[in-house]
file model.cif (mmCIF, C-alpha atoms)
data_work
loop_
_atom_site.label_atom_id
_atom_site.label_comp_id
_atom_site.auth_asym_id
_atom_site.auth_seq_id
_atom_site.Cartn_x
_atom_site.Cartn_y
_atom_site.Cartn_z
CA MET A 205 169.50 165.33 78.37
CA ASN A 206 170.51 165.68 74.75
CA HIS A 207 170.15 162.44 72.77
CA GLU A 208 171.57 163.77 69.53
CA ILE A 209 174.85 162.64 68.04
CA THR A 210 177.29 165.53 67.62
CA HIS A 211 179.69 165.95 64.71
CA LEU A 212 182.69 168.26 64.93
CA THR A 213 185.16 169.20 62.20
CA VAL A 214 188.89 169.21 62.88
CA GLU A 215 190.28 172.74 62.45
CA ASP A 216 193.28 173.50 60.25
CA ASP A 217 195.37 174.41 63.29
CA ALA A 218 194.61 171.04 64.92
CA ASP A 219 196.16 169.07 62.06
CA GLY A 220 198.47 166.44 63.55
CA GLN A 221 197.13 166.73 67.10
CA ARG A 222 196.39 163.64 69.18
CA LEU A 223 192.71 162.76 69.33
CA ASP A 224 192.55 162.47 73.13
CA ARG A 225 194.13 165.88 73.64
CA TRP A 226 191.84 167.46 71.06
CA LEU A 227 188.81 165.94 72.79
CA LYS A 228 189.99 167.16 76.17
CA LYS A 229 190.06 170.68 74.75
CA LYS A 230 186.64 170.33 73.13
CA LEU A 231 185.02 168.73 76.21
CA PRO A 232 186.41 170.75 79.14
CA LYS A 233 183.73 169.53 81.57
CA THR A 234 184.16 165.86 80.73
CA PRO A 235 186.55 163.91 83.00
CA TYR A 236 189.56 162.61 81.09
CA ALA A 237 188.80 159.11 82.34
CA LEU A 238 185.39 159.28 80.63
CA ILE A 239 187.00 160.50 77.40
CA GLN A 240 189.32 157.48 77.52
CA LYS A 241 186.36 155.18 78.08
CA MET A 242 184.51 156.70 75.11
CA LEU A 243 187.56 155.99 72.94
CA ARG A 244 188.07 152.44 74.24
CA THR A 245 184.45 151.51 73.61
CA GLY A 246 184.35 152.98 70.11
CA GLN A 247 181.83 155.72 70.89
CA VAL A 248 184.04 158.30 69.22
CA ARG A 249 184.46 157.91 65.45
CA VAL A 250 186.80 159.73 63.08
CA ASP A 251 185.45 159.80 59.53
CA GLY A 252 183.12 156.99 60.59
CA LYS A 253 185.86 154.70 61.92
CA ARG A 254 186.91 153.76 65.44
CA ALA A 255 190.00 155.62 66.58
CA LYS A 256 192.54 155.27 69.39
CA ALA A 257 193.58 157.97 71.85
CA GLU A 258 196.92 158.43 70.09
CA THR A 259 195.36 158.83 66.62
CA ARG A 260 196.74 161.92 64.88
CA LEU A 261 193.98 164.05 63.43
CA GLU A 262 193.93 165.65 60.00
CA ALA A 263 192.35 168.98 59.17
CA GLY A 264 188.81 168.62 57.84
CA GLN A 265 188.13 165.22 59.40
CA ASP A 266 184.71 164.57 60.95
CA VAL A 267 184.68 163.53 64.62
CA ARG A 268 181.51 161.92 65.91
CA LEU A 269 180.66 162.31 69.60
CA PRO A 270 178.14 160.05 71.35
CA PRO A 271 174.77 161.32 72.65
CA ALA A 272 174.66 163.41 75.83
CA GLU A 273 178.16 164.81 75.27
CA LYS A 274 177.11 167.86 73.33
CA LYS A 275 176.40 169.80 76.52
CA THR A 276 180.02 169.43 77.59
CA THR A 277 181.29 171.50 74.67
CA GLN A 278 180.04 174.71 76.28
CA LEU A 279 182.95 176.49 77.95
CA THR A 280 182.46 177.95 81.41
CA PHE A 281 185.38 180.34 81.01
CA ARG A 282 184.45 183.98 80.81
CA PRO A 283 187.10 186.41 79.55
CA LYS A 284 187.73 189.64 81.45
CA ASP A 285 189.11 192.99 80.43
CA GLY A 286 192.81 192.99 81.12
CA ASP A 287 193.44 189.28 80.49
CA LYS A 288 195.92 190.06 77.71
CA GLU A 289 197.76 192.60 79.82
CA PHE A 290 197.86 190.17 82.73
CA LEU A 291 199.44 187.44 80.60
CA GLU A 292 201.96 189.92 79.25
CA SER A 293 202.85 190.94 82.82
CA ILE A 294 203.74 187.35 83.80
CA THR A 295 205.58 186.51 80.55
CA LEU A 296 209.17 185.37 81.06
CA TYR A 297 209.95 184.58 77.41
CA ASP A 298 208.17 184.96 74.08
CA ASP A 299 209.89 184.60 70.70
CA GLY A 300 206.71 184.21 68.68
CA LYS A 301 207.04 180.42 68.74
CA LEU A 302 207.50 179.65 72.41
CA LEU A 303 205.70 181.36 75.29
CA ILE A 304 206.83 180.88 78.90
CA LEU A 305 204.88 182.30 81.83
CA ASN A 306 205.46 182.72 85.57
CA LYS A 307 202.11 181.39 86.79
CA PRO A 308 200.95 182.87 90.09
CA TYR A 309 199.68 180.89 93.07
CA GLY A 310 195.96 180.11 93.15
CA LEU A 311 195.30 180.40 89.41
CA ALA A 312 194.25 177.19 87.65
CA VAL A 313 196.01 176.15 84.47
CA GLN A 314 192.94 174.45 82.95
CA GLY A 315 189.21 174.33 83.52
CA GLY A 316 187.46 171.88 85.81
CA PRO A 317 184.62 171.63 88.33
CA ASN A 318 183.82 175.08 89.70
CA ILE A 319 186.72 176.65 87.78
CA THR A 320 185.70 179.52 85.55
CA ARG A 321 189.03 181.30 85.29
CA HIS A 322 192.23 179.66 84.09
CA ILE A 323 195.35 180.21 81.99
CA ASP A 324 194.13 177.99 79.16
CA GLY A 325 191.12 180.22 78.63
CA MET A 326 193.12 183.43 78.80
CA LEU A 327 195.50 182.24 76.09
CA ALA A 328 192.82 183.04 73.50
CA GLU A 329 193.77 186.69 74.06
CA LEU A 330 197.23 185.98 72.60
CA ARG A 331 196.13 184.68 69.20
CA ASN A 332 198.52 185.56 66.39
CA LEU A 333 197.56 187.16 63.08
CA LYS A 334 196.47 183.76 61.75
CA GLY A 335 194.11 183.28 64.67
CA VAL A 336 196.25 180.60 66.34
CA GLN A 337 196.35 180.75 70.13
CA PRO A 338 199.14 179.35 72.33
CA ARG A 339 198.69 175.81 73.68
CA LEU A 340 199.75 174.41 77.03
CA VAL A 341 202.73 172.04 76.89
CA HIS A 342 202.36 170.82 80.48
CA ARG A 343 200.49 171.68 83.67
CA LEU A 344 201.09 172.97 87.19
CA ASP A 345 198.88 172.48 90.21
CA ARG A 346 196.68 175.49 90.94
CA ASP A 347 198.59 176.12 94.19
CA THR A 348 202.04 175.72 92.63
CA SER A 349 203.55 178.86 91.14
CA GLY A 350 206.28 179.25 88.55
CA ILE A 351 207.30 178.31 85.04
CA LEU A 352 204.56 177.26 82.63
CA VAL A 353 205.43 176.50 78.99
CA CYS A 354 203.13 177.07 76.00
CA GLY A 355 203.67 176.55 72.28
CA ARG A 356 202.51 179.22 69.85
CA SER A 357 201.96 176.58 67.16
CA LEU A 358 200.92 172.95 67.14
CA ALA A 359 204.38 171.94 65.91
CA MET A 360 206.16 173.76 68.75
CA THR A 361 203.71 172.38 71.32
CA ARG A 362 204.37 168.87 70.02
CA ASP A 363 208.16 169.36 69.96
CA MET A 364 208.25 170.73 73.50
CA GLY A 365 205.91 167.96 74.65
CA ASP A 366 208.39 165.42 73.30
CA ILE A 367 211.19 167.12 75.23
CA PHE A 368 209.20 166.86 78.46
CA VAL A 369 208.21 163.23 77.83
CA ASN A 370 211.75 162.19 76.91
CA ARG A 371 213.11 164.01 79.98
CA ASP A 372 215.68 165.90 77.89
CA ILE A 373 215.13 168.78 80.24
CA LYS A 374 216.12 170.03 83.68
CA LYS A 375 213.19 171.15 85.81
CA ILE A 376 214.10 172.63 89.19
CA TYR A 377 211.51 173.38 91.84
CA TRP A 378 212.09 175.29 95.05
CA ALA A 379 210.23 174.49 98.24
CA ILE A 380 210.29 175.03 101.98
CA VAL A 381 209.74 171.80 103.84
CA SER A 382 209.11 171.17 107.53
CA PRO A 383 210.99 169.53 109.20
CA ALA A 384 214.32 169.64 107.39
CA PRO A 385 215.49 166.39 105.73
CA GLN A 386 218.09 164.36 107.63
CA LYS A 387 220.38 164.14 104.59
CA ASP A 388 221.54 167.08 102.50
CA GLN A 389 220.81 165.36 99.20
CA GLY A 390 219.44 162.18 97.72
CA GLU A 391 216.86 160.48 95.52
CA ILE A 392 213.29 159.73 96.49
CA GLU A 393 211.70 156.74 94.78
CA GLY A 394 208.16 155.50 95.19
CA ALA A 395 205.40 154.46 92.79
CA ILE A 396 202.42 156.82 92.76
CA ALA A 397 198.73 156.07 92.25
CA LYS A 398 195.40 157.73 92.95
CA GLY A 399 193.91 156.84 96.29
CA THR A 400 192.95 158.09 99.75
CA HIS A 401 195.38 160.11 101.82
CA GLY A 402 194.22 160.67 105.39
CA LYS A 403 190.89 162.47 105.26
CA ARG A 404 191.39 163.37 101.60
CA LYS A 405 189.67 161.09 99.13
CA GLU A 406 190.98 162.83 96.02
CA ALA A 407 194.72 162.45 96.49
CA MET A 408 197.80 160.59 95.34
CA VAL A 409 199.39 157.83 97.42
CA ILE A 410 202.50 155.70 97.41
CA ASP A 411 201.55 152.33 95.91
CA ASN A 412 204.58 150.27 94.93
CA GLU A 413 202.40 147.43 93.64
CA SER A 414 200.10 149.15 91.16
CA GLY A 415 201.40 152.73 91.01
CA LYS A 416 203.60 154.33 88.36
CA ALA A 417 207.35 154.37 89.07
CA SER A 418 208.50 157.83 90.15
CA LYS A 419 211.80 159.44 91.09
CA THR A 420 212.60 162.84 92.56
CA MET A 421 216.09 164.17 93.25
CA TYR A 422 216.56 166.71 96.02
CA ARG A 423 219.24 168.88 97.55
CA VAL A 424 219.03 170.99 100.70
CA ILE A 425 220.11 174.57 99.99
CA GLU A 426 219.68 176.00 103.51
CA ARG A 427 218.40 174.89 106.90
CA THR A 428 217.14 176.70 109.96
CA LYS A 429 219.45 176.24 112.95
CA ASP A 430 216.90 174.06 114.72
CA ASN A 431 216.26 171.94 111.56
CA LYS A 432 212.55 172.63 111.77
CA ALA A 433 212.51 173.89 108.19
CA ALA A 434 214.68 173.85 105.07
CA PHE A 435 214.92 175.45 101.65
CA VAL A 436 215.15 172.48 99.28
CA ALA A 437 215.58 172.21 95.52
CA PHE A 438 213.83 169.33 93.73
CA TRP A 439 214.29 167.84 90.28
CA PRO A 440 211.44 165.43 89.41
CA ARG A 441 212.87 162.89 86.98
CA THR A 442 209.34 161.66 86.22
CA GLY A 443 206.18 163.72 85.84
CA ARG A 444 203.48 162.25 88.07
CA MET A 445 200.64 164.27 89.55
CA HIS A 446 201.60 165.78 92.94
CA GLN A 447 204.91 163.91 92.69
CA ILE A 448 207.07 166.26 94.77
CA ARG A 449 204.29 166.78 97.30
CA ILE A 450 203.64 163.10 97.96
CA HIS A 451 207.33 162.12 97.84
CA THR A 452 208.28 164.73 100.44
CA ALA A 453 205.33 163.95 102.70
CA ASP A 454 205.17 160.16 102.65
CA ILE A 455 208.73 159.05 101.89
CA LEU A 456 211.07 161.85 102.95
CA GLY A 457 208.89 162.67 105.96
CA CYS A 458 209.25 166.39 105.30
CA PRO A 459 206.06 167.76 103.72
CA ILE A 460 206.01 171.10 101.96
CA LEU A 461 205.04 174.08 104.07
CA GLY A 462 201.40 175.02 103.58
CA ASP A 463 200.44 171.72 101.92
CA GLU A 464 197.26 170.94 103.82
CA LYS A 465 196.40 168.17 101.37
CA TYR A 466 199.52 166.26 102.35
CA ASP A 467 199.72 167.09 106.04
CA CYS A 468 201.89 170.15 106.49
CA THR A 469 200.55 173.32 108.05
CA GLY A 470 203.92 174.48 109.40
CA GLU A 471 203.22 173.33 112.97
CA MET A 472 206.90 172.55 113.56
CA ILE A 473 207.97 176.16 113.05
CA ASP A 474 206.73 179.46 114.40
CA SER A 475 204.50 180.12 111.42
CA HIS A 476 201.99 182.58 112.88
CA ASP A 477 203.35 185.37 110.70
CA LEU A 478 203.89 183.28 107.55
CA ASN A 479 201.38 183.10 104.70
CA GLY A 480 199.46 179.83 104.45
CA ARG A 481 200.02 179.07 100.77
CA LEU A 482 201.76 176.04 99.34
CA HIS A 483 205.48 176.85 99.31
CA LEU A 484 206.31 175.11 96.04
CA HIS A 485 207.63 177.04 93.06
CA ALA A 486 208.75 175.92 89.59
CA ALA A 487 211.87 178.08 89.65
CA ARG A 488 214.06 177.07 86.72
CA LEU A 489 213.86 175.28 83.38
CA MET A 490 216.76 174.29 81.12
CA PHE A 491 216.21 172.78 77.67
CA ARG A 492 217.36 173.01 74.07
CA HIS A 493 215.13 175.20 71.89
CA PRO A 494 213.53 172.94 69.23
CA ASN A 495 213.98 175.54 66.48
CA THR A 496 217.28 177.28 67.24
CA SER A 497 219.09 174.49 69.17
CA GLU A 498 220.04 177.17 71.70
CA ILE A 499 220.23 175.98 75.30
CA MET A 500 217.56 177.92 77.18
CA ASP A 501 217.85 178.71 80.88
CA ILE A 502 214.60 180.24 82.12
CA LYS A 503 214.23 181.45 85.70
CA ALA A 504 211.05 182.49 87.47
CA PRO A 505 211.58 184.86 90.43
CA LEU A 506 209.68 184.24 93.65
CA ALA A 507 206.47 186.17 94.17
CA ASP A 508 206.45 188.66 97.07
CA ASP A 509 204.55 186.31 99.40
CA LEU A 510 207.12 183.54 98.94
CA ARG A 511 210.04 185.97 99.25
CA GLY A 512 208.58 187.00 102.58
CA THR A 513 208.68 183.46 103.92
CA TRP A 514 212.19 182.82 102.57
CA GLU A 515 213.45 185.99 104.28
CA LYS A 516 211.65 185.37 107.58
CA LEU A 517 213.27 181.95 107.83
CA GLY A 518 216.68 183.37 106.93
CA PHE A 519 216.88 181.79 103.46
CA ASN A 520 218.21 183.49 100.34
CA PRO A 521 215.30 184.21 97.94
CA ASP A 522 217.79 185.20 95.22
CA TYR A 523 219.71 181.91 95.22
CA ASP A 524 220.99 181.49 91.65
CA ASP A 525 223.08 178.31 91.49
CA ASP A 526 222.15 175.04 89.79
CA PRO A 527 222.18 172.50 92.64
CA PHE A 528 222.20 169.68 90.09
CA ALA A 529 224.93 171.11 87.87
CA ALA A 530 226.89 167.84 87.89
CA ILE A 531 224.06 166.08 86.06
CA ILE A 532 223.58 167.09 82.43
CA PRO A 533 220.73 165.55 80.42
CA LYS A 534 221.85 164.16 77.08
CA ASP A 535 220.06 166.85 75.09
CA LEU A 536 221.73 169.64 77.09
CA LYS A 537 225.28 168.53 76.37
CA PRO A 538 227.28 170.60 73.86
CA ILE A 539 226.74 169.60 70.24
CA LYS A 540 229.93 168.34 68.70
CA PRO A 541 230.68 169.75 65.24
CA ASP A 542 230.36 167.36 62.31
CA LYS A 543 233.65 165.87 61.19
CA LYS A 544 234.55 166.59 57.60
#
call {"tool": "encode", "arguments": {"input": "model.cif", "output": "C-alpha cells"}}
result
Amino acid sequence: MNHEITHLTVEDDADGQRLDRWLKKKLPKTPYALIQKMLRTGQVRVDGKRAKAETRLEAGQDVRLPPAEKKTTQLTFRPKDGDKEFLESITLYDDGKLLILNKPYGLAVQGGPNITRHIDGMLAELRNLKGVQPRLVHRLDRDTSGILVCGRSLAMTRDMGDIFVNRDIKKIYWAIVSPAPQKDQGEIEGAIAKGTHGKRKEAMVIDNESGKASKTMYRVIERTKDNKAAFVAFWPRTGRMHQIRIHTADILGCPILGDEKYDCTGEMIDSHDLNGRLHLHAARLMFRHPNTSEIMDIKAPLADDLRGTWEKLGFNPDYDDDPFAAIIPKDLKPIKPDKK
C-alpha cells in the first residue's frame, strides 16, 4: 500500500470543472461514494484548503489526495487500433463543439470493475488540435444502446449538462416490454433508491420513503394481438439510474424484454428466435443548441439485432413520429423576437 500523499495539478482544459467530476476522471477505480467521503471528511485539499464537491477548479491549482489513493490514478483502459474509426462510424452529429454518438449494446460508457474498454477511454482518439478530448455529458447503461452526448470543450459539456439537469430537453427511449401495458399511455411515478431486487444485490428499487422522486411518461406505439408484448416509447422526466427499467418492472408490471436484472426474459412471448439483449434504445433527443440556439432533433436508428426483434413481433422499426409532440419543454418553444 502506498502511504504517500499525492499532489496533482489542474490542467488548463479543466478550468471551471467541478471538483468531484474531475476526481472521478482522475480516480477511475475509486467508487464515487468513496470520493464523496474523501471530500466530506476534508481528505482532499485544493491549494491547501478543504473543498466541497461542487467547488469549481482553476487551472494551475494544486489538489492533494490522501495516502493510498495514488494507485487508483492508473487507468486500466488500453487503446486499440481502429478506435478512432469506430467512433467515427457511430457518430450521429459532430460540429466541432458537440459530439453525439449512437452507442452500441454491450459497450460501457465509463470504466469500472473488470471494464477495460469503454467510450470514455476511446474519446482520447478524438482530441482536437489543442489536445482537448471530448467529455461525456451523461451516461447510458452498458446494455442500453442509442444516443450519447459529449462536449468537445469544457464549456459545451457544462452547458449541455445544465440542459440535462434543468430538463429543457426531450429524451425519447424505445423499448419492447412483456406483457403489454393495460393502458395506452400514462405517467409512472415512484421514488428510486439502491437496494436488493430479487436475487440481485446491486440493483435499484422502489422506495417511496427514502428514494429520490422519479417520473417516467410512456405511450404504447404498437401491441401484439395477444398483448404479450408491446413497442413502447418512454420519456423519463427525471434521470435516475435504471429509471425506465425499474419503473416498467415494478410499477407498470411490464418489464423490458431481455432485462434479466429486473425479471424479464421474454417468457410471455415465443422468444426462442429472438436475441437475448436488453431491448431498450435511446432513440431520439431534442434540445436547443447552446451556441447556435437551433433546435436539434437527433435520431439514432435501431441496430440490426433490435430491428430483427421489432420485425419479428410485427412492429415498425422505422417509426418516426414524436409520441409526446403535445408536450413542449420551455426551452424548445419558439423564441419570440424582441419588441422594438
call {"tool": "residues_around", "arguments": {"input": "model.cif", "residues": "region 285-301 of chain A", "least_positions_apart": "6", "cutoff": "8 Å", "atoms": "all atoms listed in the file", "output": "list in words"}}
result
Lys307, Met326, Leu327, Glu329, Leu330, Gly355, Arg356, Ser357, Met360, Ile502, Lys503 and Ala504 of chain A
call {"tool": "resolve_selection", "arguments": {"input": "model.cif", "expression": "the PyMOL selection byres ((chain A and resi 509) around 10)", "output": "PDB file with C-alpha atoms, in the coordinates of the input"}}
result
ATOM      1  CA  TYR A 309     199.680 180.890  93.070  1.00  0.00           C
ATOM      2  CA  LEU A 478     203.890 183.280 107.550  1.00  0.00           C
ATOM      3  CA  ASN A 479     201.380 183.100 104.700  1.00  0.00           C
ATOM      4  CA  GLY A 480     199.460 179.830 104.450  1.00  0.00           C
ATOM      5  CA  ARG A 481     200.020 179.070 100.770  1.00  0.00           C
ATOM      6  CA  HIS A 483     205.480 176.850  99.310  1.00  0.00           C
ATOM      7  CA  LEU A 506     209.680 184.240  93.650  1.00  0.00           C
ATOM      8  CA  ALA A 507     206.470 186.170  94.170  1.00  0.00           C
ATOM      9  CA  ASP A 508     206.450 188.660  97.070  1.00  0.00           C
ATOM     10  CA  LEU A 510     207.120 183.540  98.940  1.00  0.00           C
ATOM     11  CA  ARG A 511     210.040 185.970  99.250  1.00  0.00           C
ATOM     12  CA  GLY A 512     208.580 187.000 102.580  1.00  0.00           C
ATOM     13  CA  THR A 513     208.680 183.460 103.920  1.00  0.00           C
ATOM     14  CA  TRP A 514     212.190 182.820 102.570  1.00  0.00           C
TER      15      TRP A 514
END
call {"tool": "atom_distance", "arguments": {"input": "model.cif", "atom1": "CA of Tyr523 (chain A)", "atom2": "CA of Ile425 (chain A)"}}
result
8.8 Å
call {"tool": "atom_distance", "arguments": {"input": "model.cif", "atom1": "CA of Ala218 (chain A)", "atom2": "CA of Ala263 (chain A)"}}
result
6.5 Å
call {"tool": "residues_around", "arguments": {"input": "model.cif", "residues": "Arg244 (chain A)", "least_positions_apart": "4", "cutoff": "10 Å", "atoms": "all atoms listed in the file", "output": "ChimeraX atom specification"}}
result
/A:238-240,248,254-257
call {"tool": "closest_atom_pairs", "arguments": {"input": "model.cif", "of": "region 247-351 of chain A", "to": "region 450-466 of chain A", "cutoff": "12 Å", "atoms": "all atoms listed in the file", "output": "CSV"}}
result
residue,atom,partner,partner_atom,distance
A:Asp345,CA,A:Asp463,CA,11.8
A:Asp347,CA,A:Asp463,CA,9.1
A:Thr348,CA,A:Asp463,CA,10.2
call {"tool": "residues_near_point", "arguments": {"input": "model.cif", "point": "(193.6, 176.1, 83.4)", "cutoff": "6 Å", "atoms": "only C-alpha atoms", "output": "ChimeraX atom specification"}}
result
/A:312-315,322-324
call {"tool": "atom_distance", "arguments": {"input": "model.cif", "atom1": "CA of Val250 (chain A)", "atom2": "CA of Ala359 (chain A)"}}
result
21.6 Å
call {"tool": "resolve_selection", "arguments": {"input": "model.cif", "expression": "the PyMOL selection byres ((chain A and resi 536) around 8)", "output": "PDB file with C-alpha atoms, keeping the file's coordinate frame"}}
result
ATOM      1  CA  ASP A 372     215.680 165.900  77.890  1.00  0.00           C
ATOM      2  CA  ILE A 373     215.130 168.780  80.240  1.00  0.00           C
ATOM      3  CA  MET A 490     216.760 174.290  81.120  1.00  0.00           C
ATOM      4  CA  PHE A 491     216.210 172.780  77.670  1.00  0.00           C
ATOM      5  CA  ARG A 492     217.360 173.010  74.070  1.00  0.00           C
ATOM      6  CA  ILE A 499     220.230 175.980  75.300  1.00  0.00           C
ATOM      7  CA  ILE A 532     223.580 167.090  82.430  1.00  0.00           C
ATOM      8  CA  PRO A 533     220.730 165.550  80.420  1.00  0.00           C
ATOM      9  CA  LYS A 534     221.850 164.160  77.080  1.00  0.00           C
ATOM     10  CA  ASP A 535     220.060 166.850  75.090  1.00  0.00           C
ATOM     11  CA  LYS A 537     225.280 168.530  76.370  1.00  0.00           C
ATOM     12  CA  PRO A 538     227.280 170.600  73.860  1.00  0.00           C
TER      13      PRO A 538
END
call {"tool": "resolve_selection", "arguments": {"input": "model.cif", "expression": "the PyMOL selection byres ((chain A and resi 430-443) around 7)", "output": "list in words"}}
result
Lys375, Ile376, Tyr377, Trp378, Ala379, Ile380, Val381, Ser382, Pro383, Ala384, Ser418, Lys419, Thr420, Met421, Tyr422, Arg423, Val424, Ile425, Glu426, Arg427, Thr428, Lys429, Arg444, Met445, Gln447, Ile448, Met472, Ile473 and Phe519 of chain A
call {"tool": "residues_around", "arguments": {"input": "model.cif", "residues": "Pro317 (chain A)", "least_positions_apart": "6", "cutoff": "10 Å", "atoms": "all atoms listed in the file", "output": "ChimeraX atom specification"}}
result
/A:232-235,280
call {"tool": "residues_around", "arguments": {"input": "model.cif", "residues": "Asp219 (chain A)", "least_positions_apart": "5", "cutoff": "8 Å", "atoms": "only C-alpha atoms", "output": "list of chain:residue names"}}
result
A:Val214, A:Arg260, A:Leu261, A:Glu262, A:Ala263, A:Leu358
call {"tool": "residues_around", "arguments": {"input": "model.cif", "residues": "Gly365 (chain A)", "least_positions_apart": "2", "cutoff": "10 Å", "atoms": "all atoms listed in the file", "output": "JSON, numbers by chain"}}
result
{"A": [340, 341, 342, 353, 354, 355, 359, 360, 361, 362, 363, 367, 368, 369, 370, 371]}
call {"tool": "closest_residue", "arguments": {"input": "model.cif", "among": "A:Asp467, A:Arg346, A:Thr245, A:Lys387", "to": "Gly310 (chain A)", "atoms": "all atoms listed in the file"}}
result
A:Arg346
call {"tool": "closest_residue", "arguments": {"input": "model.cif", "among": "A:Ile209, A:Val409, A:Leu243, A:Ala486", "to": "Leu344 (chain A)", "atoms": "all atoms listed in the file"}}
result
A:Ala486
